[in-house]
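Colleague: I have a structure I would like to understand better, so I am pasting it below and will then ask my questions one at a time.
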Amino acid sequence: MDDVFLTTEEVLEYLQVNLRTVYRLIKAGKIPAVRVGRQWRFRKADIDLWLESQQIGTAGRGPAAPAAPASVRAEPGPPRRPRVLVVDDEASIRDLLTKTLALAEYDIDTSPDGRAAVGRLRAQTYDLLITDLKMPGMDGLTLIREARRLAPALPVVIITAYSTEASAIDAIELGVQGYLTKPFRIAKILGTAAKALGE
């Protein structure tokens with residue numbers, strides 16, 4: 001009964017991510033997949049094990065994700081990997097987001113506060129900004145306004161405990177592309193990032 005195989009379309013629905021993200025995960029050997037003719041097939045039990053291994057709180061002791069077979073070939077990826085800036089005053093949150101986004105082969109930079117993030121935004125071009133709203137010193141809303149001044153087209157995703165908080169609503173009015181509510185789910189992080197990047 002464990003040998004239930006999913007089609008690509010079923011995996012997209014199951015993980016709540018888009019096709020490009022799934023191809024990235026396959027190419028990186030992060031997600032177990034088998035090529036059958038021209039189609040990808042995914043063993044549901046392997047997908048579930050992989051998801052469990054990625055959950056926060058496992059302290060790296062979850063089951064290892066089965067590696068994709070060497071013969072598996074995915075479509076070629078983009079010439080330049082998207083660069084993401086993650087801003088949060090909690091090191092555990094920065095670490096979780098970094099590890100999760102790395103699964104989709106994004107290049108990740110992190111900052112512990114808004115002021116450090118502004119410095120990075122001035123020095124480097126980013127494809128996506130993910131920021132907490134409540135931080136000491138420069139809060140997330142101020143950072144978003146500064147980011148808009150430096151890079152008007154930069155997509156922004158906010159981190160919040162509740163999507164109905166006044167600060168979250170203010171951020172949405174500033175034109176953010178999405179939000180992540182705590183606690184995080186792996187599929188939600190990957191799906192939100194991909195959507196904000198227009199993938």
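Residue numbering restarts at 1 in every chain; chains get A, B, ... in the order shown in the structure tokens, and ligands count up from 1 in that same order.
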If DSSP is run on the backbone, what residues of chain A are strand (DSSP E)? A reply as a VMD selection string would be ideal.

Modeller: chain A and resid 5 to 7 34 to 36 39 to 43 83 to 87 107 to 111 128 to 132 156 to 160 178 to 181

Colleague: Store the residues picked out above in a file with N, CA, C and O atoms, as a short mmCIF file (atom, residue, chain, number, x, y, z; two decimals), in the first residue's frame.

Modeller:
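Just written: selection26.cif:
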```cif
data_model
loop_
_atom_site.label_atom_id
_atom_site.label_comp_id
_atom_site.auth_asym_id
_atom_site.auth_seq_id
_atom_site.Cartn_x
_atom_site.Cartn_y
_atom_site.Cartn_z
N PHE A 5 1.98 6.09 -6.28
CA PHE A 5 2.77 7.04 -7.04
C PHE A 5 1.90 8.20 -7.48
O PHE A 5 0.75 8.01 -7.89
N LEU A 6 2.46 9.39 -7.38
CA LEU A 6 1.74 10.60 -7.76
C LEU A 6 2.28 11.12 -9.08
O LEU A 6 3.47 11.01 -9.38
N THR A 7 1.41 11.73 -9.87
CA THR A 7 1.84 12.41 -11.08
C THR A 7 2.41 13.78 -10.70
O THR A 7 2.26 14.24 -9.56
N VAL A 34 11.14 9.76 -9.98
CA VAL A 34 11.56 8.75 -10.94
C VAL A 34 11.01 9.15 -12.30
O VAL A 34 9.85 9.55 -12.42
N ARG A 35 11.86 9.07 -13.32
CA ARG A 35 11.41 9.39 -14.67
C ARG A 35 10.87 8.12 -15.32
O ARG A 35 11.57 7.12 -15.39
N VAL A 36 9.62 8.16 -15.76
CA VAL A 36 9.01 7.04 -16.46
C VAL A 36 8.63 7.54 -17.84
O VAL A 36 7.65 8.27 -17.99
N GLN A 39 7.42 11.20 -18.39
CA GLN A 39 6.70 11.69 -17.21
C GLN A 39 7.49 11.47 -15.93
O GLN A 39 8.24 10.51 -15.82
N TRP A 40 7.30 12.37 -14.97
CA TRP A 40 7.84 12.17 -13.63
C TRP A 40 6.81 11.44 -12.78
O TRP A 40 5.61 11.68 -12.91
N ARG A 41 7.30 10.56 -11.93
CA ARG A 41 6.43 9.90 -10.96
C ARG A 41 7.06 10.04 -9.58
O ARG A 41 8.28 9.95 -9.43
N PHE A 42 6.23 10.25 -8.58
CA PHE A 42 6.69 10.51 -7.21
C PHE A 42 6.02 9.52 -6.27
O PHE A 42 4.79 9.45 -6.23
N ARG A 43 6.82 8.77 -5.53
CA ARG A 43 6.27 7.82 -4.56
C ARG A 43 5.81 8.61 -3.34
O ARG A 43 6.60 9.29 -2.69
N ARG A 83 18.21 35.64 -5.90
CA ARG A 83 18.87 36.02 -4.64
C ARG A 83 17.82 36.58 -3.70
O ARG A 83 17.08 37.50 -4.05
N VAL A 84 17.77 36.03 -2.49
CA VAL A 84 16.75 36.39 -1.51
C VAL A 84 17.42 36.93 -0.25
O VAL A 84 18.40 36.37 0.23
N LEU A 85 16.88 38.04 0.28
CA LEU A 85 17.34 38.59 1.55
C LEU A 85 16.30 38.29 2.62
O LEU A 85 15.13 38.68 2.49
N VAL A 86 16.71 37.56 3.66
CA VAL A 86 15.84 37.20 4.78
C VAL A 86 16.22 38.06 5.98
O VAL A 86 17.38 38.07 6.40
N VAL A 87 15.23 38.76 6.55
CA VAL A 87 15.50 39.66 7.67
C VAL A 87 14.60 39.28 8.86
O VAL A 87 13.38 39.31 8.75
N ASP A 107 19.77 31.65 -3.77
CA ASP A 107 20.91 32.18 -3.03
C ASP A 107 20.36 33.05 -1.91
O ASP A 107 19.57 33.96 -2.17
N ILE A 108 20.78 32.78 -0.69
CA ILE A 108 20.19 33.45 0.47
C ILE A 108 21.23 34.29 1.20
O ILE A 108 22.34 33.84 1.48
N ASP A 109 20.85 35.53 1.53
CA ASP A 109 21.58 36.37 2.47
C ASP A 109 20.64 36.65 3.64
O ASP A 109 19.42 36.68 3.45
N THR A 110 21.20 36.85 4.83
CA THR A 110 20.36 37.15 5.99
C THR A 110 20.85 38.40 6.71
O THR A 110 22.03 38.76 6.62
N SER A 111 19.92 39.03 7.40
CA SER A 111 20.24 40.17 8.26
C SER A 111 19.44 40.05 9.55
O SER A 111 18.28 39.65 9.51
N LEU A 128 14.15 39.14 -4.10
CA LEU A 128 13.06 39.01 -3.15
C LEU A 128 13.55 39.40 -1.76
O LEU A 128 14.66 39.03 -1.37
N LEU A 129 12.70 40.13 -1.04
CA LEU A 129 12.95 40.47 0.36
C LEU A 129 11.89 39.79 1.22
O LEU A 129 10.70 39.94 0.97
N ILE A 130 12.35 39.03 2.23
CA ILE A 130 11.44 38.42 3.20
C ILE A 130 11.79 39.01 4.56
O ILE A 130 12.93 38.86 5.02
N THR A 131 10.84 39.70 5.17
CA THR A 131 11.16 40.38 6.43
C THR A 131 10.09 40.20 7.49
O THR A 131 8.89 40.17 7.19
N ASP A 132 10.56 40.08 8.75
CA ASP A 132 9.65 40.09 9.89
C ASP A 132 9.15 41.53 10.05
O ASP A 132 9.82 42.49 9.65
N VAL A 156 8.28 41.78 -2.04
CA VAL A 156 8.44 41.67 -0.59
C VAL A 156 7.43 40.67 -0.04
O VAL A 156 6.26 40.69 -0.40
N VAL A 157 7.91 39.79 0.85
CA VAL A 157 7.05 38.88 1.61
C VAL A 157 7.27 39.19 3.08
O VAL A 157 8.42 39.35 3.51
N ILE A 158 6.20 39.30 3.84
CA ILE A 158 6.33 39.62 5.26
C ILE A 158 6.13 38.38 6.13
O ILE A 158 5.44 37.44 5.74
N ILE A 159 6.76 38.40 7.29
CA ILE A 159 6.61 37.35 8.30
C ILE A 159 5.79 37.96 9.43
O ILE A 159 6.13 39.04 9.93
N THR A 160 4.71 37.29 9.82
CA THR A 160 3.86 37.82 10.87
C THR A 160 3.23 36.68 11.65
O THR A 160 3.10 35.57 11.14
N GLY A 178 3.13 38.92 -0.55
CA GLY A 178 2.61 37.79 0.20
C GLY A 178 3.04 37.86 1.64
O GLY A 178 3.79 38.75 2.04
N TYR A 179 2.55 36.91 2.44
CA TYR A 179 2.95 36.87 3.84
C TYR A 179 3.05 35.43 4.32
O TYR A 179 2.41 34.52 3.78
N LEU A 180 3.91 35.23 5.31
CA LEU A 180 4.09 33.93 5.96
C LEU A 180 3.68 34.08 7.41
O LEU A 180 4.16 34.98 8.10
N THR A 181 2.78 33.24 7.86
CA THR A 181 2.38 33.28 9.26
C THR A 181 3.07 32.14 10.02
O THR A 181 3.28 31.06 9.48
#
```

Colleague: Rounded to one decimal in Å, what is the spacing between CA of Gly119 in chain A and CA of Leu174 in chain A?

Modeller: 20.9 Å

Colleague: Which residues, written as a list in words, have at least one atom at most 10 Å from Pro155 in chain A, with only C-alpha atoms counted and residues fewer than 5 positions away on the same chain left out?

Modeller: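 Neighbouring residues, sequence-local ones excluded: Val84, Tyr126, Asp127, Leu128, Leu129, Ile130, Ile144, Ala147, Arg148, Gly175, Val176, Gln177, Gly178, Ala193, Lys195, Ala196, Leu197 and Gly198 of chain A.
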
Colleague: Could you save those same residues with C-alpha atoms as a PDB file, in the first residue's frame?

Modeller:
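Once written, result_39.pdb looks like this:
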```
ATOM      1  CA  VAL A  84      16.749  36.389  -1.506  1.00  0.00           C
ATOM      2  CA  TYR A 126      18.031  41.137  -4.681  1.00  0.00           C
ATOM      3  CA  ASP A 127      15.115  39.365  -6.342  1.00  0.00           C
ATOM      4  CA  LEU A 128      13.056  39.009  -3.148  1.00  0.00           C
ATOM      5  CA  LEU A 129      12.954  40.468   0.362  1.00  0.00           C
ATOM      6  CA  ILE A 130      11.438  38.418   3.204  1.00  0.00           C
ATOM      7  CA  ILE A 144       9.845  47.922   3.441  1.00  0.00           C
ATOM      8  CA  ALA A 147      13.465  49.003   0.260  1.00  0.00           C
ATOM      9  CA  ARG A 148      10.788  50.549  -1.969  1.00  0.00           C
ATOM     10  CA  GLY A 175       2.086  46.395  -1.953  1.00  0.00           C
ATOM     11  CA  VAL A 176       3.796  43.326  -0.521  1.00  0.00           C
ATOM     12  CA  GLN A 177       3.497  40.182  -2.615  1.00  0.00           C
ATOM     13  CA  GLY A 178       2.607  37.793   0.197  1.00  0.00           C
ATOM     14  CA  ALA A 193       8.511  32.673  -2.424  1.00  0.00           C
ATOM     15  CA  LYS A 195       4.663  33.196  -6.289  1.00  0.00           C
ATOM     16  CA  ALA A 196       6.322  36.455  -5.193  1.00  0.00           C
ATOM     17  CA  LEU A 197       9.082  35.856  -7.729  1.00  0.00           C
ATOM     18  CA  GLY A 198       6.482  35.332 -10.444  1.00  0.00           C
TER      19      GLY A 198
END
```

Colleague: Could you state the separation of CA of Arg24 in chain A and CA of Ala104 in chain A in Å, given to one decimal place?

Modeller: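 One can read the CA of Arg24 in chain A to CA of Ala104 in chain A distance as 5.5 Å.
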
Colleague: Counting only C-alpha atoms, which of A:Thr125, A:Arg20, A:Lys30, A:Ile172 gets nearest to Lys99 in chain A?

Modeller: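 Checking each candidate against Lys99 in chain A, we get A:Lys30 as the closest.
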
Colleague: Report the distance between CA of Ala187 in chain A and CA of Leu15 in chain A in Å, rounded to one decimal place.

Modeller: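 Going from CA of Ala187 in chain A over to CA of Leu15 in chain A covers 5.4 Å.
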
Colleague: Going by DSSP on the backbone, which residues of range 5-191 of chain A come out as helix (DSSP H, G or I)? List them as an MDAnalysis selection string.

Modeller: chainID A and resid 8:15 19:27 44:54 91:103 114:123 140:150 166:173 186:191

Colleague: For Trp50 in chain A, which residue out of A:Ala168, A:Leu96, A:Ala117, A:Leu103 is the nearest one, using only C-alpha atoms?

Modeller: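 The closest residue to Trp50 in chain A is A:Leu103.
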
Colleague: I need the residue nearest Lys44 in chain A from this list: A:Leu121, A:Val4, A:Ile31, A:Leu97. Use only C-alpha atoms for the distance.

Modeller: A:Val4
